[in-house]
>>> print(open('protein-v1.tsv').read())   # TSV, C-alpha atoms
chain	number	residue	atom	x	y	z
A	1	MET	CA	92.45	89.41	138.87
A	2	ILE	CA	95.70	91.39	138.83
A	3	ASP	CA	97.39	88.31	137.37
A	4	LEU	CA	94.94	88.45	134.48
A	5	VAL	CA	95.72	92.13	133.83
A	6	ASP	CA	99.48	91.59	134.16
A	7	GLY	CA	99.33	88.56	131.88
A	8	TYR	CA	97.46	90.39	129.12
A	9	TYR	CA	99.60	93.52	129.10
A	10	GLY	CA	102.78	91.49	129.49
A	11	SER	CA	101.93	89.31	126.50
A	12	GLU	CA	101.04	92.40	124.46
A	13	ARG	CA	104.41	93.97	125.28
A	14	VAL	CA	106.24	90.77	124.29
A	15	GLY	CA	104.28	90.70	121.02
A	16	ALA	CA	105.08	94.36	120.33
A	17	ALA	CA	108.77	93.72	121.05
A	18	ILE	CA	108.78	90.76	118.64
A	19	CYS	CA	107.04	92.87	115.99
A	20	PHE	CA	109.64	95.61	116.57
A	21	GLY	CA	112.45	93.09	116.10
A	22	LEU	CA	110.93	91.65	112.93
A	23	SER	CA	110.39	95.10	111.47
A	24	LEU	CA	113.99	95.98	112.33
A	25	ALA	CA	115.04	92.87	110.39
A	26	ALA	CA	112.83	94.00	107.47
A	27	VAL	CA	114.49	97.43	107.51
A	28	GLY	CA	117.95	95.85	107.55
A	29	SER	CA	117.07	93.41	104.78
A	30	GLY	CA	115.46	96.18	102.79
A	31	ALA	CA	118.51	98.41	103.12
A	32	TYR	CA	120.72	95.56	101.92
A	33	LEU	CA	118.48	94.65	98.99
A	34	ALA	CA	117.96	98.28	97.95
A	35	ARG	CA	121.72	98.50	97.35
A	36	THR	CA	121.64	95.73	94.75
A	37	SER	CA	121.36	96.35	91.04
A	38	VAL	CA	118.97	93.44	90.47
A	39	GLY	CA	115.57	94.93	89.57
A	40	MET	CA	113.25	92.73	91.56
A	41	LEU	CA	115.48	92.65	94.64
A	42	TYR	CA	116.00	96.41	94.39
A	43	GLY	CA	112.23	97.01	94.34
A	44	MET	CA	111.64	94.55	97.15
A	45	GLY	CA	114.37	96.21	99.17
A	46	TRP	CA	112.77	99.63	98.98
A	47	SER	CA	109.40	98.17	99.82
A	48	LEU	CA	110.79	96.33	102.86
A	49	LEU	CA	112.71	99.41	103.93
A	50	ILE	CA	109.71	101.74	103.84
A	51	ALA	CA	107.05	99.34	105.15
A	52	GLY	CA	109.43	97.95	107.78
A	53	GLY	CA	110.27	101.47	108.91
A	54	LEU	CA	106.61	102.37	109.33
A	55	VAL	CA	105.91	99.19	111.30
A	56	LEU	CA	109.03	99.83	113.38
A	57	LEU	CA	107.67	103.23	114.43
A	58	ALA	CA	104.16	101.89	115.07
A	59	SER	CA	105.31	98.90	117.13
A	60	GLY	CA	107.63	101.07	119.20
A	61	ALA	CA	104.82	103.53	119.94
A	62	TYR	CA	102.44	100.66	120.75
A	63	PHE	CA	105.02	99.12	123.12
A	64	ALA	CA	105.41	102.43	124.95
A	65	GLY	CA	101.65	103.00	125.18
A	66	LEU	CA	101.07	99.58	126.67
A	67	GLY	CA	103.10	100.52	129.72
A	68	SER	CA	100.88	103.47	130.58
A	69	ASN	CA	97.68	101.50	129.94
A	70	HIS	CA	98.94	98.66	132.13
A	71	ALA	CA	99.80	101.06	134.95
A	72	ARG	CA	96.48	102.90	134.65
A	73	PHE	CA	94.27	99.82	134.65
A	74	SER	CA	96.29	98.07	137.38
A	75	ALA	CA	95.94	101.12	139.62
A	76	LEU	CA	92.22	101.38	138.86
A	77	LEU	CA	91.76	97.70	139.72
A	78	GLY	CA	93.43	98.34	143.10
A	79	THR	CA	91.30	101.36	143.94
A	80	ASP	CA	87.93	100.71	142.27
A	81	PRO	CA	87.40	97.19	140.87
A	82	SER	CA	83.90	97.89	139.54
A	83	GLN	CA	85.09	100.97	137.65
A	84	PHE	CA	88.04	98.95	136.37
A	85	LEU	CA	85.64	96.41	134.86
A	86	VAL	CA	83.60	99.15	133.15
A	87	GLN	CA	86.58	101.09	131.79
A	88	GLU	CA	88.72	98.12	130.79
A	89	SER	CA	85.75	96.50	129.05
A	90	ALA	CA	85.08	99.71	127.09
A	91	HIS	CA	88.79	99.99	126.28
A	92	LEU	CA	88.91	96.42	124.99
A	93	THR	CA	85.73	96.83	122.95
A	94	GLY	CA	87.35	99.80	121.20
A	95	THR	CA	90.63	97.93	120.75
A	96	ILE	CA	88.94	94.89	119.22
A	97	GLU	CA	86.93	97.04	116.80
A	98	SER	CA	89.96	99.11	115.88
A	99	LEU	CA	92.01	95.98	115.19
A	100	ARG	CA	89.23	94.63	112.98
A	101	ARG	CA	89.43	97.76	110.81
A	102	VAL	CA	93.24	97.69	110.81
A	103	ILE	CA	93.27	94.03	109.71
A	104	TYR	CA	90.91	94.75	106.82
A	105	GLY	CA	93.09	97.67	105.76
A	106	GLU	CA	96.22	95.53	105.94
A	107	MET	CA	94.56	92.85	103.85
A	108	LEU	CA	93.64	95.43	101.21
A	109	ILE	CA	97.19	96.77	101.08
A	110	ALA	CA	98.56	93.21	100.84
A	111	LEU	CA	96.15	92.61	97.96
A	112	ALA	CA	97.38	95.80	96.30
A	113	GLY	CA	100.94	94.47	96.68
A	114	ILE	CA	99.97	91.21	95.01
A	115	ILE	CA	98.32	93.12	92.18
A	116	LEU	CA	101.46	95.27	91.76
A	117	ALA	CA	103.62	92.14	91.70
A	118	LEU	CA	101.41	90.56	89.06
A	119	ALA	CA	101.33	93.76	87.01
A	120	GLY	CA	105.11	93.96	87.21
A	121	HIS	CA	105.40	90.38	86.08
A	122	VAL	CA	102.98	90.85	83.17
A	123	ARG	CA	104.68	94.09	82.09
A	124	GLU	CA	108.11	92.54	82.62
A	125	THR	CA	109.05	95.28	85.09
A	126	PRO	CA	111.08	93.52	87.80
A	127	ILE	CA	111.27	96.57	90.08
A	128	LEU	CA	107.48	96.79	90.22
A	129	THR	CA	107.28	93.05	90.88
A	130	GLY	CA	109.72	93.44	93.76
A	131	VAL	CA	107.86	96.41	95.25
A	132	GLY	CA	104.62	94.44	95.15
A	133	LEU	CA	106.17	91.32	96.65
A	134	GLY	CA	107.80	93.29	99.44
A	135	MET	CA	104.56	95.09	100.24
A	136	ALA	CA	102.57	91.87	100.24
A	137	LEU	CA	105.13	90.09	102.43
A	138	VAL	CA	105.20	92.77	105.12
A	139	LEU	CA	101.43	93.25	105.13
A	140	VAL	CA	100.59	89.55	105.24
A	141	LEU	CA	102.89	89.15	108.26
A	142	LEU	CA	101.46	92.27	109.88
A	143	THR	CA	97.91	91.01	109.30
A	144	GLY	CA	98.81	87.76	111.06
A	145	TYR	CA	100.35	89.65	113.97
A	146	ASP	CA	97.34	91.93	114.36
A	147	SER	CA	95.00	88.95	114.11
A	148	LEU	CA	96.82	87.41	117.08
A	149	ASN	CA	96.54	90.72	118.94
A	150	ARG	CA	92.81	90.85	118.25
A	151	SER	CA	92.36	87.27	119.40
A	152	ARG	CA	94.34	87.93	122.58
A	153	ALA	CA	92.29	91.08	123.29
A	154	SER	CA	89.03	89.18	122.68
A	155	GLY	CA	90.07	86.41	125.06
A	156	TYR	CA	91.07	88.90	127.75
A	157	HIS	CA	87.81	90.79	127.22
A	158	GLN	CA	85.81	87.59	127.69
A	159	GLU	CA	87.72	86.81	130.89
A	160	ILE	CA	87.09	90.34	132.23
A	161	GLN	CA	83.38	90.03	131.43
A	162	ALA	CA	83.18	86.61	133.09
A	163	VAL	CA	84.62	88.06	136.30
A	164	SER	CA	82.11	90.92	136.26
A	165	ARG	CA	79.13	88.53	136.27
>>> encode(input="protein-v1.tsv", output="structure tokens")
Amino acid sequence: MIDLVDGYYGSERVGAAICFGLSLAAVGSGAYLARTSVGMLYGMGWSLLIAGGLVLLASGAYFAGLGSNHARFSALLGTDPSQFLVQESAHLTGTIESLRRVIYGEMLIALAGIILALAGHVRETPILTGVGLGMALVLVLLTGYDSLNRSRASGYHQEIQAVSR
């Protein structure tokens, strides 16, 4: 059972580290593009810079929090396996529901980015087009990442529940 716990939290930490690296790349790309004088690239740069920065902070905090959750649930498994099953199951239920709401929010923001990009195109405002494209790009990638997280949490939750039966 400890292998199951270690595997889940280890894979979550790897995913958070990858997300951190990708958001760092978005920040770097955004900083580069924001220095250009080309309207669409300039707008996209600022969008990547801001959205990438926010994701950078969130993924770093998530990575750090995973360590304490891993330690807590591993210790609980060693001392009280039945309580581990109850608490970890409740934790995962909350995580899965939270990720569902986050994914819907990300999809709405990505849609808003697409609408901004289209509005910028129609109004012939390249900066607005770039801002919208940058927003949509970051949020579509983030939605995919969080969908994988939700799937991984659901699979782990099912495995935990199967053991408790």
>>> closest_residue(input="protein-v1.tsv", among="A:Leu76, A:Met135, A:Ala112, A:Leu141", to="Leu22 of chain A", atoms="all atoms listed in the file")
A:Leu141
>>> residues_around(input="protein-v1.tsv", residues="segment 83-91 of chain A", least_positions_apart="3", cutoff="12 Å", atoms="only C-alpha atoms", output="ChimeraX atom specification")
/A:1-2,5,8-9,69-70,72-80,94-98,153-165
>>> write_last_selection(input="protein-v1.tsv", atoms="C-alpha atoms", output="PDB file, in the coordinates of the input")
ATOM      1  CA  MET A   1      92.450  89.410 138.870  1.00  0.00           C
ATOM      2  CA  ILE A   2      95.700  91.390 138.830  1.00  0.00           C
ATOM      3  CA  VAL A   5      95.720  92.130 133.830  1.00  0.00           C
ATOM      4  CA  TYR A   8      97.460  90.390 129.120  1.00  0.00           C
ATOM      5  CA  TYR A   9      99.600  93.520 129.100  1.00  0.00           C
ATOM      6  CA  ASN A  69      97.680 101.500 129.940  1.00  0.00           C
ATOM      7  CA  HIS A  70      98.940  98.660 132.130  1.00  0.00           C
ATOM      8  CA  ARG A  72      96.480 102.900 134.650  1.00  0.00           C
ATOM      9  CA  PHE A  73      94.270  99.820 134.650  1.00  0.00           C
ATOM     10  CA  SER A  74      96.290  98.070 137.380  1.00  0.00           C
ATOM     11  CA  ALA A  75      95.940 101.120 139.620  1.00  0.00           C
ATOM     12  CA  LEU A  76      92.220 101.380 138.860  1.00  0.00           C
ATOM     13  CA  LEU A  77      91.760  97.700 139.720  1.00  0.00           C
ATOM     14  CA  GLY A  78      93.430  98.340 143.100  1.00  0.00           C
ATOM     15  CA  THR A  79      91.300 101.360 143.940  1.00  0.00           C
ATOM     16  CA  ASP A  80      87.930 100.710 142.270  1.00  0.00           C
ATOM     17  CA  GLY A  94      87.350  99.800 121.200  1.00  0.00           C
ATOM     18  CA  THR A  95      90.630  97.930 120.750  1.00  0.00           C
ATOM     19  CA  ILE A  96      88.940  94.890 119.220  1.00  0.00           C
ATOM     20  CA  GLU A  97      86.930  97.040 116.800  1.00  0.00           C
ATOM     21  CA  SER A  98      89.960  99.110 115.880  1.00  0.00           C
ATOM     22  CA  ALA A 153      92.290  91.080 123.290  1.00  0.00           C
ATOM     23  CA  SER A 154      89.030  89.180 122.680  1.00  0.00           C
ATOM     24  CA  GLY A 155      90.070  86.410 125.060  1.00  0.00           C
ATOM     25  CA  TYR A 156      91.070  88.900 127.750  1.00  0.00           C
ATOM     26  CA  HIS A 157      87.810  90.790 127.220  1.00  0.00           C
ATOM     27  CA  GLN A 158      85.810  87.590 127.690  1.00  0.00           C
ATOM     28  CA  GLU A 159      87.720  86.810 130.890  1.00  0.00           C
ATOM     29  CA  ILE A 160      87.090  90.340 132.230  1.00  0.00           C
ATOM     30  CA  GLN A 161      83.380  90.030 131.430  1.00  0.00           C
ATOM     31  CA  ALA A 162      83.180  86.610 133.090  1.00  0.00           C
ATOM     32  CA  VAL A 163      84.620  88.060 136.300  1.00  0.00           C
ATOM     33  CA  SER A 164      82.110  90.920 136.260  1.00  0.00           C
ATOM     34  CA  ARG A 165      79.130  88.530 136.270  1.00  0.00           C
TER      35      ARG A 165
END
>>> residues_around(input="protein-v1.tsv", residues="Ile103 of chain A", least_positions_apart="2", cutoff="9 Å", atoms="all atoms listed in the file", output="count of residues only")
13
>>> atom_distance(input="protein-v1.tsv", atom1="atom CA of Ala34 of chain A", atom2="atom CA of Tyr62 of chain A")
27.7 Å
>>> residues_around(input="protein-v1.tsv", residues="Gly45 of chain A", least_positions_apart="3", cutoff="10 Å", atoms="all atoms listed in the file", output="list in words")
Ala26, Val27, Gly28, Ser29, Gly30, Ala31, Tyr32, Leu33, Ala34, Arg35, Thr36, Gly39, Met40, Leu41, Tyr42, Leu48, Leu49, Ile50, Ala51, Ile127, Gly130, Val131, Leu133, Gly134 and Met135 of chain A
>>> closest_residue(input="protein-v1.tsv", among="A:Ile109, A:Val138, A:Val55, A:Met44", to="Cys19 of chain A", atoms="only C-alpha atoms")
A:Val55
>>> closest_residue(input="protein-v1.tsv", among="A:Ala25, A:Leu56, A:Leu66, A:Ala61", to="Gly10 of chain A", atoms="only C-alpha atoms")
A:Leu66
>>> residues_near_point(input="protein-v1.tsv", point="(106.8, 94.6, 89.1)", cutoff="7 Å", atoms="all atoms listed in the file", output="MDAnalysis selection string")
chainID A and resid 116:121 124:132
>>> closest_residue(input="protein-v1.tsv", among="A:Thr93, A:Asp6, A:Gly60, A:Leu139", to="Ser47 of chain A", atoms="all atoms listed in the file")
A:Leu139
>>> decode(input="protein-v1.tsv", residues="segment 3-147 of chain A", atoms="C-alpha atoms", output="compact mmCIF listing (two decimals), in the first residue's frame")
# COMPACT_ATOMS: atom_id res chain seq x y z
CA ASP A 3 4.02 1.91 -2.84
CA LEU A 4 0.64 3.14 -4.02
CA VAL A 5 0.88 6.27 -1.84
CA ASP A 6 4.49 6.93 -2.85
CA GLY A 7 3.65 6.41 -6.52
CA TYR A 8 0.74 8.85 -6.49
CA TYR A 9 2.51 11.65 -4.62
CA GLY A 10 5.71 11.09 -6.59
CA SER A 11 3.89 11.38 -9.91
CA GLU A 12 2.08 14.50 -8.69
CA ARG A 13 5.41 16.10 -7.74
CA VAL A 14 6.90 15.25 -11.14
CA GLY A 15 3.83 16.76 -12.82
CA ALA A 16 4.07 19.91 -10.70
CA ALA A 17 7.77 20.23 -11.53
CA ILE A 18 7.02 19.89 -15.26
CA CYS A 19 4.26 22.49 -14.96
CA PHE A 20 6.71 24.78 -13.12
CA GLY A 21 9.26 24.35 -15.91
CA LEU A 22 6.72 25.03 -18.64
CA SER A 23 5.45 28.12 -16.87
CA LEU A 24 9.03 29.30 -16.45
CA ALA A 25 9.43 28.90 -20.22
CA ALA A 26 6.19 30.88 -20.73
CA VAL A 27 7.52 33.68 -18.51
CA GLY A 28 10.81 33.75 -20.41
CA SER A 29 9.07 33.71 -23.79
CA GLY A 30 6.65 36.35 -22.62
CA ALA A 31 9.44 38.60 -21.41
CA TYR A 32 11.18 38.25 -24.77
CA LEU A 33 8.03 38.89 -26.81
CA ALA A 34 6.93 41.82 -24.63
CA ARG A 35 10.13 43.61 -25.66
CA THR A 36 9.22 43.50 -29.35
CA SER A 37 7.47 46.31 -31.16
CA VAL A 38 5.23 43.98 -33.17
CA GLY A 39 1.67 44.45 -31.88
CA MET A 40 0.44 40.89 -31.77
CA LEU A 41 3.70 39.50 -30.38
CA TYR A 42 3.85 42.33 -27.84
CA GLY A 43 0.33 41.51 -26.61
CA MET A 44 1.04 37.80 -26.55
CA GLY A 45 4.23 38.44 -24.63
CA TRP A 46 2.48 40.31 -21.85
CA SER A 47 -0.20 37.66 -21.68
CA LEU A 48 2.38 34.86 -21.44
CA LEU A 49 4.37 36.81 -18.89
CA ILE A 50 1.43 37.42 -16.56
CA ALA A 51 -0.35 34.07 -16.95
CA GLY A 52 2.95 32.17 -16.85
CA GLY A 53 3.94 34.02 -13.69
CA LEU A 54 0.68 33.12 -11.96
CA VAL A 55 1.01 29.46 -12.95
CA LEU A 56 4.65 29.52 -11.84
CA LEU A 57 3.60 30.61 -8.34
CA ALA A 58 0.71 28.14 -8.18
CA SER A 59 2.75 25.15 -9.37
CA GLY A 60 5.56 25.96 -6.95
CA ALA A 61 3.11 26.16 -4.04
CA TYR A 62 1.42 22.93 -5.15
CA PHE A 63 4.81 21.17 -5.37
CA ALA A 64 5.68 22.26 -1.84
CA GLY A 65 2.28 21.24 -0.45
CA LEU A 66 2.53 17.78 -1.95
CA GLY A 67 5.54 17.02 0.23
CA SER A 68 3.65 17.67 3.46
CA ASN A 69 0.58 15.73 2.28
CA HIS A 70 2.77 12.80 1.26
CA ALA A 71 4.51 12.77 4.64
CA ARG A 72 1.23 13.10 6.55
CA PHE A 73 -0.61 10.33 4.73
CA SER A 74 2.41 8.00 4.70
CA ALA A 75 2.78 8.40 8.46
CA LEU A 76 -0.94 7.85 8.98
CA LEU A 77 -0.81 4.68 6.88
CA GLY A 78 2.00 3.38 9.11
CA THR A 79 0.19 4.12 12.36
CA ASP A 80 -3.52 3.70 11.56
CA PRO A 81 -4.33 2.14 8.16
CA SER A 82 -8.11 2.34 8.61
CA GLN A 83 -7.94 6.04 9.46
CA PHE A 84 -5.61 6.54 6.51
CA LEU A 85 -8.25 5.08 4.19
CA VAL A 86 -10.95 7.37 5.60
CA GLN A 87 -8.87 10.56 5.55
CA GLU A 88 -7.11 9.96 2.23
CA SER A 89 -10.42 9.08 0.58
CA ALA A 90 -11.99 12.31 1.88
CA HIS A 91 -8.92 14.27 0.78
CA LEU A 92 -9.10 12.81 -2.72
CA THR A 93 -12.84 13.41 -3.01
CA GLY A 94 -12.21 17.07 -2.24
CA THR A 95 -9.26 17.22 -4.63
CA ILE A 96 -11.22 15.69 -7.50
CA GLU A 97 -14.15 18.07 -6.98
CA SER A 98 -11.85 21.07 -6.67
CA LEU A 99 -10.04 20.14 -9.88
CA ARG A 100 -13.38 19.81 -11.67
CA ARG A 101 -14.23 23.41 -10.75
CA VAL A 102 -10.73 24.61 -11.63
CA ILE A 103 -10.90 22.95 -15.06
CA TYR A 104 -14.25 24.58 -15.83
CA GLY A 105 -12.83 27.95 -14.79
CA GLU A 106 -9.77 27.45 -16.95
CA MET A 107 -11.94 26.53 -19.90
CA LEU A 108 -13.98 29.71 -19.44
CA ILE A 109 -10.84 31.86 -19.28
CA ALA A 110 -9.46 30.11 -22.39
CA LEU A 111 -12.76 30.86 -24.13
CA ALA A 112 -12.47 34.49 -23.05
CA GLY A 113 -8.97 34.53 -24.58
CA ILE A 114 -10.31 33.17 -27.86
CA ILE A 115 -13.06 35.80 -27.85
CA LEU A 116 -10.46 38.54 -27.19
CA ALA A 117 -8.31 37.22 -30.03
CA LEU A 118 -11.28 37.23 -32.40
CA ALA A 119 -12.34 40.70 -31.27
CA GLY A 120 -8.80 41.94 -31.82
CA HIS A 121 -8.76 40.43 -35.27
CA VAL A 122 -12.15 41.90 -36.22
CA ARG A 123 -11.21 45.33 -34.85
CA GLU A 124 -7.76 45.08 -36.42
CA THR A 125 -6.10 45.54 -33.03
CA PRO A 126 -3.06 43.22 -33.08
CA ILE A 127 -2.19 43.77 -29.41
CA LEU A 128 -5.63 42.57 -28.33
CA THR A 129 -5.32 39.59 -30.66
CA GLY A 130 -1.98 38.72 -29.09
CA VAL A 131 -3.29 39.06 -25.54
CA GLY A 132 -6.19 36.75 -26.36
CA LEU A 133 -3.99 34.19 -28.09
CA GLY A 134 -1.52 34.16 -25.22
CA MET A 135 -4.30 33.74 -22.67
CA ALA A 136 -5.92 30.95 -24.65
CA LEU A 137 -2.61 29.14 -25.15
CA VAL A 138 -1.66 29.13 -21.47
CA LEU A 139 -5.15 28.21 -20.29
CA VAL A 140 -5.65 25.40 -22.80
CA LEU A 141 -2.33 23.86 -21.70
CA LEU A 142 -3.21 24.36 -18.05
CA THR A 143 -6.62 22.75 -18.58
CA GLY A 144 -4.90 19.71 -20.10
CA TYR A 145 -2.47 19.51 -17.19
CA ASP A 146 -5.22 19.77 -14.59
CA SER A 147 -7.29 17.19 -16.46
